[in-house]
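Notes follow once the structure below has been shown.
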Amino acid sequence: MRSVPESCKDRKWLALGKQLAAATDRSFTVMSYNVLCQKLVKRTMFPYASKSSLKWKTRRPRLLDELSHIMPDIMCLQEVYTKNWGDTFNMWFKREGYEAQMFQSVYKSHGVSISWKKHRFQAIDQTCLRMDRTTEVCGESLTTDNIALIVALRFIGVGADGGEAPGVIVSNTHLYWKPSGCYERLQQQILLRRAIKQMHEKYPTFTVISCGDYNTTPDDAGYDLLVKPRPVKLNEVQLENLLPRTLTSNAESDDCSDDDGNDSAPAKPMSYSEVATTGTALETDESKSKRRKLEEEVRKAETTLQHDMERVGRLVDALQSEFPPMRSCYDTYADLDPSYRTEQWAGEPIYTNYSLWKGTLDYIFYSPAGLSTREVLSLPVEEQLKPGIPNDTFASDHVALVARFDLA
């Protein structure tokens with residue numbers, strides 16, 4: 001019998017109803033876990049960690065012990081290092097009775113994987129989605145290098161009187177990482193939802209679950225547009241954060257170059273007494289040129305802002321009009337575990353990532369039609385994670401999310 005790893009000893013199932021209920025053949029568990037690509041592990045990223053806790057030979061058995069203890073029916077992993085897929089994860093999946101698929105960007109050394117217990121599910125379809133320079137959304141080409149994997153799974157041994165067995169469409173993704181990239185993540189969300197929708201049109205009776213490291217906090221516009229009833233009303237901060245980062249400052253400011261582009265000393269400003277004496281009638285040719293140039297820059301900025309707001313509006317309209325809201329399995333976690341309650345955002349845990357930056361980025365979203373969340377696995381006690389992970393107990397800088405679902 002396997003012993004319980006230290007990373008799982010204090011994690012327990014929390015019922016979303018009044019009490020835990022017995023599992024049935026229509027119940028199944030799903031995990032979403034960013035396992036931290038070994039190639040991305042740098043001392044500067046985790047200065048608090050011991051040297052041994054960052055090495056793969058130490059992290060590998062801890063990760064596998066954690067996966068072996070939880071053993072979900074469906075497992076979605078992010079940041080799977082290509083090298084470790086071949087020498088670790090894929091071998092482990094086969095040994096433990098899983099079938100698995102991995103997909104990665106051609107621009108990265110890691111990707112995402114979906115695995116499922118082969119005695120419970122049969123894979124009948126899949127989509128490998130590139131969210132990179134080869135794709136466009138709402139008339140714009142993407143500038144990112146992210147991907148998603150979508151698999152349609154049919155239940156084995158579940159169904160009534162020989163009828164068609166139910167199924168589930170599972171997606172796994174790792175969206176654009178830069179905090180300022182809300183616009184890019186919104187583009188990616190649309191591409192992902194469209195790909196899921198296309199799969200669902202082929203299998204309309206299947207339910208939908210979407211896992212991943214969304215690199216989106218619960219107060220972001222992207223989160224609200226995923227889960228809130230339509231129409232979603234975004235606040236000013238959310239809208240401002242959605243603007244594309246095209247309003248960059250000019251590297252050569254007007255204070256350090258003249259109209260011909262030659263370096264020159266900045267013009268000496270007129271004193272208050274000089275302005276009061278001369279007024280604006282004696283404005284020099286040089287100052288007049290600078291004023292007109294500044295006015296032109298202001299007009300350009302206003303035009304760019306208007307254009308960017310229209311771009312954001314097209315994406316927001318597309319998300320709201322094309323897709324119904326989903327739900328996050330952990331959206332009431334603060335009610336289940338008061339130690340995680342925060343005024344920053346309601347419901348979701350305080351963190352799923354606990355490194356130099358601490359916050360919630362990971363989710364298990366699902367379509368409420370035909371599916372309900374029975375239980376979620378509690379998150380580790382914060383004292384075990386301080387000052388950050390990885391540490392001598394936890395192998396990744398993220399914690400695994402696990403939910404138990406019931407088919408309707």
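All residue names refer to the structure tokens as shown: chains lettered A, B, ... in order, residues numbered from 1 in each chain, ligands numbered from 1 in order.
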Contacts of A:Arg59 within 6 Å, only C-alpha atoms, excl. fewer than 3 positions in-chain, as a list in words = Trp56, Arg62 and Ala395 of chain A
Selection export as a CSV table (one decimal), in the first residue's frame, atoms kept: all heavy atoms:
```
chain,number,residue,atom,x,y,z
A,56,TRP,N,15.7,18.1,-10.8
A,56,TRP,CA,14.7,17.2,-11.3
A,56,TRP,C,14.7,15.8,-10.6
A,56,TRP,O,13.7,15.2,-10.4
A,56,TRP,CB,14.9,17.0,-12.8
A,56,TRP,CG,13.9,16.0,-13.4
A,56,TRP,CD1,14.1,14.8,-14.1
A,56,TRP,CD2,12.4,16.2,-13.5
A,56,TRP,NE1,12.9,14.2,-14.5
A,56,TRP,CE2,11.9,15.1,-14.1
A,56,TRP,CE3,11.6,17.2,-13.0
A,56,TRP,CZ2,10.5,14.9,-14.3
A,56,TRP,CZ3,10.2,17.0,-13.2
A,56,TRP,CH2,9.7,15.9,-13.8
A,62,ARG,N,8.7,13.3,-6.2
A,62,ARG,CA,7.6,14.0,-5.4
A,62,ARG,C,6.4,14.2,-6.3
A,62,ARG,O,5.3,14.1,-5.9
A,62,ARG,CB,8.2,15.4,-4.9
A,62,ARG,CG,9.2,15.2,-3.8
A,62,ARG,CD,9.7,16.5,-3.3
A,62,ARG,NE,10.7,16.4,-2.3
A,62,ARG,CZ,11.7,17.2,-2.0
A,62,ARG,NH1,11.8,18.4,-2.6
A,62,ARG,NH2,12.5,17.0,-1.0
A,395,ALA,N,6.6,20.0,-5.3
A,395,ALA,CA,7.5,19.9,-6.4
A,395,ALA,C,7.4,21.0,-7.4
A,395,ALA,O,8.2,21.2,-8.2
A,395,ALA,CB,7.4,18.5,-7.1
```
Which polymer residues have any atom within 7 Å of an atom of stretch 66-75 of chain A, counting only C-alpha atoms, with same-chain residues fewer than 6 positions away left out, as a PDB file with all heavy atoms, in the first residue's frame?
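Once written, out09.pdb looks like this:
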```
ATOM      1  N   VAL A   4       0.948   8.005   2.094  1.00  0.00           N
ATOM      2  CA  VAL A   4       0.459   9.320   1.675  1.00  0.00           C
ATOM      3  C   VAL A   4       1.633  10.288   1.633  1.00  0.00           C
ATOM      4  O   VAL A   4       2.316  10.476   2.642  1.00  0.00           O
ATOM      5  CB  VAL A   4      -0.621   9.835   2.641  1.00  0.00           C
ATOM      6  CG1 VAL A   4      -1.111  11.206   2.213  1.00  0.00           C
ATOM      7  CG2 VAL A   4      -1.776   8.847   2.719  1.00  0.00           C
ATOM      8  N   PRO A   5       1.897  10.929   0.487  1.00  0.00           N
ATOM      9  CA  PRO A   5       3.009  11.885   0.419  1.00  0.00           C
ATOM     10  C   PRO A   5       2.732  13.103   1.283  1.00  0.00           C
ATOM     11  O   PRO A   5       1.570  13.461   1.539  1.00  0.00           O
ATOM     12  CB  PRO A   5       3.075  12.242  -1.063  1.00  0.00           C
ATOM     13  CG  PRO A   5       1.724  11.935  -1.606  1.00  0.00           C
ATOM     14  CD  PRO A   5       1.214  10.781  -0.809  1.00  0.00           C
ATOM     15  N   SER A   7       2.892  16.139   0.641  1.00  0.00           N
ATOM     16  CA  SER A   7       2.154  17.189  -0.067  1.00  0.00           C
ATOM     17  C   SER A   7       0.646  16.972  -0.035  1.00  0.00           C
ATOM     18  O   SER A   7      -0.123  17.897  -0.324  1.00  0.00           O
ATOM     19  CB  SER A   7       2.627  17.270  -1.526  1.00  0.00           C
ATOM     20  OG  SER A   7       2.417  16.033  -2.189  1.00  0.00           O
ATOM     21  N   CYS A   8       0.195  15.759   0.318  1.00  0.00           N
ATOM     22  CA  CYS A   8      -1.237  15.442   0.286  1.00  0.00           C
ATOM     23  C   CYS A   8      -1.843  15.166   1.659  1.00  0.00           C
ATOM     24  O   CYS A   8      -3.068  14.983   1.759  1.00  0.00           O
ATOM     25  CB  CYS A   8      -1.473  14.219  -0.606  1.00  0.00           C
ATOM     26  SG  CYS A   8      -0.992  14.444  -2.331  1.00  0.00           S
ATOM     27  N   PHE A  28     -16.791  11.083 -11.654  1.00  0.00           N
ATOM     28  CA  PHE A  28     -15.408  10.999 -12.116  1.00  0.00           C
ATOM     29  C   PHE A  28     -14.630  12.207 -11.612  1.00  0.00           C
ATOM     30  O   PHE A  28     -15.210  13.258 -11.304  1.00  0.00           O
ATOM     31  CB  PHE A  28     -15.327  10.903 -13.638  1.00  0.00           C
ATOM     32  CG  PHE A  28     -15.885  12.096 -14.382  1.00  0.00           C
ATOM     33  CD1 PHE A  28     -15.048  13.067 -14.914  1.00  0.00           C
ATOM     34  CD2 PHE A  28     -17.259  12.254 -14.555  1.00  0.00           C
ATOM     35  CE1 PHE A  28     -15.562  14.165 -15.600  1.00  0.00           C
ATOM     36  CE2 PHE A  28     -17.785  13.339 -15.242  1.00  0.00           C
ATOM     37  CZ  PHE A  28     -16.929  14.301 -15.763  1.00  0.00           C
ATOM     38  N   THR A  29     -13.316  12.058 -11.504  1.00  0.00           N
ATOM     39  CA  THR A  29     -12.461  13.113 -10.974  1.00  0.00           C
ATOM     40  C   THR A  29     -11.573  13.686 -12.074  1.00  0.00           C
ATOM     41  O   THR A  29     -11.148  12.978 -12.989  1.00  0.00           O
ATOM     42  CB  THR A  29     -11.586  12.589  -9.829  1.00  0.00           C
ATOM     43  OG1 THR A  29     -10.901  11.418 -10.266  1.00  0.00           O
ATOM     44  CG2 THR A  29     -12.420  12.282  -8.615  1.00  0.00           C
ATOM     45  N   VAL A  30     -11.286  14.981 -11.934  1.00  0.00           N
ATOM     46  CA  VAL A  30     -10.474  15.704 -12.914  1.00  0.00           C
ATOM     47  C   VAL A  30      -9.431  16.535 -12.180  1.00  0.00           C
ATOM     48  O   VAL A  30      -9.740  17.209 -11.187  1.00  0.00           O
ATOM     49  CB  VAL A  30     -11.343  16.633 -13.795  1.00  0.00           C
ATOM     50  CG1 VAL A  30     -10.475  17.418 -14.783  1.00  0.00           C
ATOM     51  CG2 VAL A  30     -12.397  15.835 -14.544  1.00  0.00           C
ATOM     52  N   MET A  31      -8.205  16.495 -12.679  1.00  0.00           N
ATOM     53  CA  MET A  31      -7.105  17.295 -12.115  1.00  0.00           C
ATOM     54  C   MET A  31      -6.596  18.285 -13.152  1.00  0.00           C
ATOM     55  O   MET A  31      -6.502  17.974 -14.339  1.00  0.00           O
ATOM     56  CB  MET A  31      -5.949  16.391 -11.676  1.00  0.00           C
ATOM     57  CG  MET A  31      -4.656  17.156 -11.321  1.00  0.00           C
ATOM     58  SD  MET A  31      -3.213  16.083 -11.103  1.00  0.00           S
ATOM     59  CE  MET A  31      -3.551  15.456  -9.455  1.00  0.00           C
ATOM     60  N   SER A  32      -6.233  19.488 -12.680  1.00  0.00           N
ATOM     61  CA  SER A  32      -5.485  20.456 -13.479  1.00  0.00           C
ATOM     62  C   SER A  32      -4.252  20.856 -12.682  1.00  0.00           C
ATOM     63  O   SER A  32      -4.365  21.257 -11.516  1.00  0.00           O
ATOM     64  CB  SER A  32      -6.333  21.694 -13.798  1.00  0.00           C
ATOM     65  OG  SER A  32      -5.621  22.587 -14.636  1.00  0.00           O
ATOM     66  N   ILE A 114      -3.180  15.626 -21.760  1.00  0.00           N
ATOM     67  CA  ILE A 114      -4.425  15.117 -21.193  1.00  0.00           C
ATOM     68  C   ILE A 114      -4.299  13.604 -21.127  1.00  0.00           C
ATOM     69  O   ILE A 114      -3.937  12.958 -22.115  1.00  0.00           O
ATOM     70  CB  ILE A 114      -5.658  15.505 -22.028  1.00  0.00           C
ATOM     71  CG1 ILE A 114      -5.789  17.032 -22.132  1.00  0.00           C
ATOM     72  CG2 ILE A 114      -6.929  14.905 -21.419  1.00  0.00           C
ATOM     73  CD1 ILE A 114      -6.964  17.484 -22.999  1.00  0.00           C
ATOM     74  N   SER A 115      -4.564  13.041 -19.969  1.00  0.00           N
ATOM     75  CA  SER A 115      -4.532  11.590 -19.808  1.00  0.00           C
ATOM     76  C   SER A 115      -5.816  11.135 -19.139  1.00  0.00           C
ATOM     77  O   SER A 115      -6.460  11.893 -18.416  1.00  0.00           O
ATOM     78  CB  SER A 115      -3.310  11.166 -18.986  1.00  0.00           C
ATOM     79  OG  SER A 115      -3.300  11.816 -17.722  1.00  0.00           O
ATOM     80  N   TRP A 116      -6.204   9.887 -19.392  1.00  0.00           N
ATOM     81  CA  TRP A 116      -7.457   9.364 -18.861  1.00  0.00           C
ATOM     82  C   TRP A 116      -7.297   7.882 -18.582  1.00  0.00           C
ATOM     83  O   TRP A 116      -6.522   7.171 -19.248  1.00  0.00           O
ATOM     84  CB  TRP A 116      -8.595   9.601 -19.853  1.00  0.00           C
ATOM     85  CG  TRP A 116      -8.313   9.049 -21.221  1.00  0.00           C
ATOM     86  CD1 TRP A 116      -8.669   7.832 -21.716  1.00  0.00           C
ATOM     87  CD2 TRP A 116      -7.572   9.705 -22.279  1.00  0.00           C
ATOM     88  NE1 TRP A 116      -8.220   7.671 -22.995  1.00  0.00           N
ATOM     89  CE2 TRP A 116      -7.539   8.817 -23.376  1.00  0.00           C
ATOM     90  CE3 TRP A 116      -6.949  10.954 -22.391  1.00  0.00           C
ATOM     91  CZ2 TRP A 116      -6.898   9.126 -24.567  1.00  0.00           C
ATOM     92  CZ3 TRP A 116      -6.303  11.268 -23.583  1.00  0.00           C
ATOM     93  CH2 TRP A 116      -6.283  10.365 -24.657  1.00  0.00           C
ATOM     94  N   LYS A 117      -8.007   7.398 -17.567  1.00  0.00           N
ATOM     95  CA  LYS A 117      -7.964   5.982 -17.237  1.00  0.00           C
ATOM     96  C   LYS A 117      -8.663   5.199 -18.346  1.00  0.00           C
ATOM     97  O   LYS A 117      -9.838   5.423 -18.627  1.00  0.00           O
ATOM     98  CB  LYS A 117      -8.645   5.733 -15.885  1.00  0.00           C
ATOM     99  CG  LYS A 117      -7.845   6.271 -14.705  1.00  0.00           C
ATOM    100  CD  LYS A 117      -8.544   5.974 -13.390  1.00  0.00           C
ATOM    101  CE  LYS A 117      -7.715   6.462 -12.200  1.00  0.00           C
ATOM    102  NZ  LYS A 117      -8.402   6.233 -10.914  1.00  0.00           N
TER     103      LYS A 117
END
```
task = Find the residues around stretch 124-133 of chain A up to 8 Å (only C-alpha atoms counted), leave out those fewer than 2 positions away in its own chain, and share them as a ChimeraX atom specification.
result = /A:103,105,122,135-136,141-154,188,191-192,195
note = Students should find that atom CA of A:Glu184 and atom CA of A:Pro244 are spaced 7.8 Å
task = Return as a PyMOL selection string the full set of residues in stretch 1-240 of chain A whose backbone-based DSSP assignment is strand (DSSP E).
result = chain A and resi 13-15+27-34+74-81+98-104+110-117+121-131+136-137+140-141+146-155+167-174+207-213
key: Distance criterion (only C-alpha atoms): nearest to A:Gln344 out of A:Thr82, A:Ser321, A:Thr217, A:Ser328   = A:Thr217
ask   = Nearest to A:Asp224 among A:Ser396, A:Thr173, A:Thr58, A:Gln320, with distances taken over only C-alpha atoms: which residue is it?
value =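 Result for the nearest residue to A:Asp224: A:Gln320.
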ask   = Looking at A:Tyr363, A:Ser52, A:Leu371, A:Asp10, which one is nearest to A:Glu383, with distances taken over only C-alpha atoms?
value =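 The shortest atom-to-atom distance to A:Glu383 comes from A:Asp10.
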query = Residues at most 8 Å from A:Gly388, counting only C-alpha atoms, excluding those fewer than 4 positions away in the same chain, as a PyMOL selection string?
reply = chain A and resi 46+48-49+354-356+397
message = Ranking A:Ala221, A:Leu401, A:Leu319, A:Leu305 by minimum distance to A:Ile190 and counting only C-alpha atoms, which one comes first?
response =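 Selected residue with least distance to A:Ile190: A:Leu319.
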message = As an exercise, work out the distance from atom CA of A:Arg185 to atom CA of A:Phe365 in Å and give it to one decimal place.
response =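 According to the coordinates, atom CA of A:Arg185 and atom CA of A:Phe365 are separated by 15.9 Å.
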ask   = Can you tell me, as a list of chain:residue names, what residues are no more than 12 Å from A:Leu16 when counting only C-alpha atoms, ignoring any on the same chain fewer than 6 positions away?
value =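 Listing them by chain and then by number gives A:Cys329, A:Tyr330, A:Asp331, A:Thr332, A:Tyr333, A:Ala334, A:Asp335, A:Leu336, A:Asp337, A:Ser372, A:Thr373, A:Arg374, A:Glu375, A:Val376, A:Leu377, A:Ser378, A:Ala403, A:Arg404, A:Phe405, A:Asp406.
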Any chance you can output those residues with all heavy atoms as a short mmCIF file (atom, residue, chain, number, x, y, z; two decimals), in the first residue's frame?
```cif
data_model
loop_
_atom_site.label_atom_id
_atom_site.label_comp_id
_atom_site.auth_asym_id
_atom_site.auth_seq_id
_atom_site.Cartn_x
_atom_site.Cartn_y
_atom_site.Cartn_z
N CYS A 329 -14.99 25.30 -10.79
CA CYS A 329 -15.25 24.35 -9.70
C CYS A 329 -14.96 24.94 -8.32
O CYS A 329 -15.58 24.57 -7.33
CB CYS A 329 -14.40 23.10 -9.88
SG CYS A 329 -14.88 22.09 -11.28
N TYR A 330 -13.99 25.84 -8.25
CA TYR A 330 -13.54 26.38 -6.97
C TYR A 330 -14.13 27.76 -6.69
O TYR A 330 -13.62 28.48 -5.83
CB TYR A 330 -12.01 26.45 -6.95
CG TYR A 330 -11.33 25.14 -6.64
CD1 TYR A 330 -11.22 24.13 -7.59
CD2 TYR A 330 -10.78 24.88 -5.38
CE1 TYR A 330 -10.59 22.93 -7.31
CE2 TYR A 330 -10.14 23.69 -5.09
CZ TYR A 330 -10.05 22.71 -6.06
OH TYR A 330 -9.42 21.52 -5.78
N ASP A 331 -15.21 28.13 -7.37
CA ASP A 331 -15.71 29.51 -7.22
C ASP A 331 -16.39 29.77 -5.88
O ASP A 331 -16.70 30.92 -5.55
CB ASP A 331 -16.63 29.89 -8.38
CG ASP A 331 -17.89 29.03 -8.46
OD1 ASP A 331 -18.10 28.18 -7.57
OD2 ASP A 331 -18.68 29.21 -9.41
N THR A 332 -16.64 28.72 -5.09
CA THR A 332 -17.19 28.92 -3.74
C THR A 332 -16.21 28.41 -2.68
O THR A 332 -16.61 28.12 -1.55
CB THR A 332 -18.54 28.19 -3.58
OG1 THR A 332 -18.35 26.78 -3.81
CG2 THR A 332 -19.57 28.73 -4.55
N TYR A 333 -14.95 28.31 -3.05
CA TYR A 333 -13.98 27.71 -2.13
C TYR A 333 -13.86 28.50 -0.83
O TYR A 333 -13.65 27.91 0.24
CB TYR A 333 -12.61 27.61 -2.80
CG TYR A 333 -11.64 26.79 -1.99
CD1 TYR A 333 -11.72 25.40 -1.99
CD2 TYR A 333 -10.67 27.39 -1.19
CE1 TYR A 333 -10.86 24.62 -1.23
CE2 TYR A 333 -9.81 26.63 -0.43
CZ TYR A 333 -9.90 25.24 -0.45
OH TYR A 333 -9.06 24.48 0.31
N ALA A 334 -13.98 29.80 -0.88
CA ALA A 334 -13.87 30.61 0.33
C ALA A 334 -14.94 30.26 1.35
O ALA A 334 -14.73 30.42 2.56
CB ALA A 334 -13.95 32.11 -0.03
N ASP A 335 -16.08 29.77 0.89
CA ASP A 335 -17.13 29.35 1.82
C ASP A 335 -16.82 27.99 2.43
O ASP A 335 -17.25 27.68 3.54
CB ASP A 335 -18.48 29.27 1.09
CG ASP A 335 -18.93 30.63 0.60
OD1 ASP A 335 -18.61 31.64 1.26
OD2 ASP A 335 -19.59 30.69 -0.46
N LEU A 336 -16.06 27.17 1.70
CA LEU A 336 -15.72 25.84 2.19
C LEU A 336 -14.52 25.87 3.12
O LEU A 336 -14.40 25.06 4.03
CB LEU A 336 -15.42 24.91 1.00
CG LEU A 336 -16.52 24.78 -0.06
CD1 LEU A 336 -16.02 23.94 -1.22
CD2 LEU A 336 -17.76 24.16 0.55
N ASP A 337 -13.60 26.79 2.87
CA ASP A 337 -12.37 26.90 3.66
C ASP A 337 -12.15 28.37 3.99
O ASP A 337 -11.53 29.10 3.22
CB ASP A 337 -11.20 26.34 2.86
CG ASP A 337 -9.90 26.32 3.67
OD1 ASP A 337 -9.89 26.88 4.78
OD2 ASP A 337 -8.90 25.77 3.17
N SER A 372 -22.44 18.45 -12.79
CA SER A 372 -22.41 19.18 -11.52
C SER A 372 -21.15 18.80 -10.76
O SER A 372 -20.64 17.67 -10.89
CB SER A 372 -23.64 18.87 -10.67
OG SER A 372 -23.71 17.49 -10.35
N THR A 373 -20.64 19.74 -9.97
CA THR A 373 -19.46 19.47 -9.15
C THR A 373 -19.91 18.93 -7.81
O THR A 373 -20.68 19.56 -7.09
CB THR A 373 -18.63 20.74 -8.94
OG1 THR A 373 -18.37 21.36 -10.19
CG2 THR A 373 -17.31 20.42 -8.27
N ARG A 374 -19.42 17.75 -7.46
CA ARG A 374 -19.79 17.12 -6.20
C ARG A 374 -18.87 17.58 -5.07
O ARG A 374 -19.31 17.95 -3.99
CB ARG A 374 -19.71 15.61 -6.35
CG ARG A 374 -19.90 14.82 -5.06
CD ARG A 374 -19.40 13.40 -5.23
NE ARG A 374 -20.21 12.65 -6.15
CZ ARG A 374 -21.16 11.78 -5.78
NH1 ARG A 374 -21.39 11.59 -4.50
NH2 ARG A 374 -21.85 11.12 -6.66
N GLU A 375 -17.55 17.54 -5.32
CA GLU A 375 -16.55 17.86 -4.31
C GLU A 375 -15.33 18.48 -4.97
O GLU A 375 -15.11 18.29 -6.17
CB GLU A 375 -16.10 16.58 -3.56
CG GLU A 375 -17.19 15.83 -2.86
CD GLU A 375 -16.94 14.33 -2.82
OE1 GLU A 375 -15.81 13.90 -3.16
OE2 GLU A 375 -17.88 13.60 -2.47
N VAL A 376 -14.56 19.21 -4.18
CA VAL A 376 -13.24 19.68 -4.62
C VAL A 376 -12.22 19.30 -3.55
O VAL A 376 -12.56 19.16 -2.37
CB VAL A 376 -13.21 21.21 -4.85
CG1 VAL A 376 -14.12 21.60 -6.00
CG2 VAL A 376 -13.56 21.98 -3.59
N LEU A 377 -11.00 19.10 -3.99
CA LEU A 377 -9.92 18.77 -3.05
C LEU A 377 -9.39 20.04 -2.42
O LEU A 377 -9.11 21.03 -3.12
CB LEU A 377 -8.79 18.04 -3.79
CG LEU A 377 -7.74 17.35 -2.91
CD1 LEU A 377 -8.37 16.23 -2.09
CD2 LEU A 377 -6.60 16.81 -3.77
N SER A 378 -9.29 20.05 -1.10
CA SER A 378 -8.82 21.26 -0.41
C SER A 378 -7.40 21.59 -0.82
O SER A 378 -6.63 20.73 -1.24
CB SER A 378 -8.89 21.06 1.10
OG SER A 378 -7.96 20.07 1.51
N ALA A 403 -11.25 18.09 -8.86
CA ALA A 403 -12.69 18.14 -8.61
C ALA A 403 -13.33 16.81 -8.97
O ALA A 403 -12.87 16.10 -9.86
CB ALA A 403 -13.32 19.26 -9.44
N ARG A 404 -14.41 16.48 -8.24
CA ARG A 404 -15.19 15.28 -8.55
C ARG A 404 -16.53 15.75 -9.14
O ARG A 404 -17.25 16.53 -8.52
CB ARG A 404 -15.41 14.42 -7.32
CG ARG A 404 -16.28 13.20 -7.58
CD ARG A 404 -16.33 12.23 -6.42
NE ARG A 404 -15.11 11.44 -6.34
CZ ARG A 404 -14.29 11.41 -5.31
NH1 ARG A 404 -14.54 12.16 -4.26
NH2 ARG A 404 -13.22 10.64 -5.31
N PHE A 405 -16.84 15.22 -10.32
CA PHE A 405 -18.07 15.60 -11.02
C PHE A 405 -19.08 14.46 -11.01
O PHE A 405 -18.73 13.29 -10.89
CB PHE A 405 -17.74 15.94 -12.49
CG PHE A 405 -16.97 17.19 -12.69
CD1 PHE A 405 -15.59 17.15 -12.83
CD2 PHE A 405 -17.60 18.42 -12.77
CE1 PHE A 405 -14.85 18.30 -13.02
CE2 PHE A 405 -16.89 19.59 -12.98
CZ PHE A 405 -15.51 19.53 -13.10
N ASP A 406 -20.33 14.84 -11.21
CA ASP A 406 -21.42 13.89 -11.44
C ASP A 406 -22.08 14.22 -12.76
O ASP A 406 -22.40 15.40 -13.04
CB ASP A 406 -22.49 13.99 -10.34
CG ASP A 406 -22.12 13.20 -9.10
OD1 ASP A 406 -21.28 12.29 -9.21
OD2 ASP A 406 -22.66 13.52 -8.02
#
```
query = In terms of the shortest atom-to-atom distance over only C-alpha atoms, which of A:Gln187, A:Gln104, A:Gly159, A:Thr303 is closest to A:Cys138?
reply =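 Of A:Gln187, A:Gln104, A:Gly159, A:Thr303, the one nearest A:Cys138, counting only C-alpha atoms, is A:Gln187.
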task = Extract the full set of helix (DSSP H, G or I) residues from stretch 82-259 of chain A according to DSSP on the backbone, and format it as a ChimeraX atom specification.
result = /A:82-95,182-202,221-227,236-242
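If you measure from each of A:Arg193, A:Ser210, A:Val35, A:Ser53 to A:Trp85 using only C-alpha atoms, the closest one turns out to be A:Val35.
One finds atom CA of A:Asn215 at 7.7 Å from atom CA of A:Pro179.
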For A:Lys228: contacts at 10 Å, only C-alpha atoms, fewer than 6 positions along chain excluded, given as a PDB file with N, CA, C and O atoms, in the first residue's frame:
```pdb
ATOM      1  N   GLN A 320     -19.146  37.298 -25.647  1.00  0.00           N
ATOM      2  CA  GLN A 320     -20.465  37.311 -25.018  1.00  0.00           C
ATOM      3  C   GLN A 320     -21.549  36.769 -25.934  1.00  0.00           C
ATOM      4  O   GLN A 320     -22.494  36.124 -25.472  1.00  0.00           O
ATOM      5  N   PRO A 324     -21.966  30.697 -24.094  1.00  0.00           N
ATOM      6  CA  PRO A 324     -22.606  30.843 -22.778  1.00  0.00           C
ATOM      7  C   PRO A 324     -21.546  30.811 -21.686  1.00  0.00           C
ATOM      8  O   PRO A 324     -20.436  30.304 -21.897  1.00  0.00           O
ATOM      9  N   PRO A 325     -21.859  31.331 -20.502  1.00  0.00           N
ATOM     10  CA  PRO A 325     -20.873  31.306 -19.412  1.00  0.00           C
ATOM     11  C   PRO A 325     -20.616  29.886 -18.920  1.00  0.00           C
ATOM     12  O   PRO A 325     -21.485  29.020 -18.980  1.00  0.00           O
ATOM     13  N   MET A 326     -19.394  29.675 -18.429  1.00  0.00           N
ATOM     14  CA  MET A 326     -19.039  28.423 -17.792  1.00  0.00           C
ATOM     15  C   MET A 326     -19.006  28.671 -16.281  1.00  0.00           C
ATOM     16  O   MET A 326     -19.347  29.765 -15.821  1.00  0.00           O
ATOM     17  N   ARG A 327     -18.573  27.674 -15.554  1.00  0.00           N
ATOM     18  CA  ARG A 327     -18.462  27.843 -14.102  1.00  0.00           C
ATOM     19  C   ARG A 327     -17.142  27.255 -13.628  1.00  0.00           C
ATOM     20  O   ARG A 327     -16.654  26.267 -14.179  1.00  0.00           O
TER      21      ARG A 327
END
```
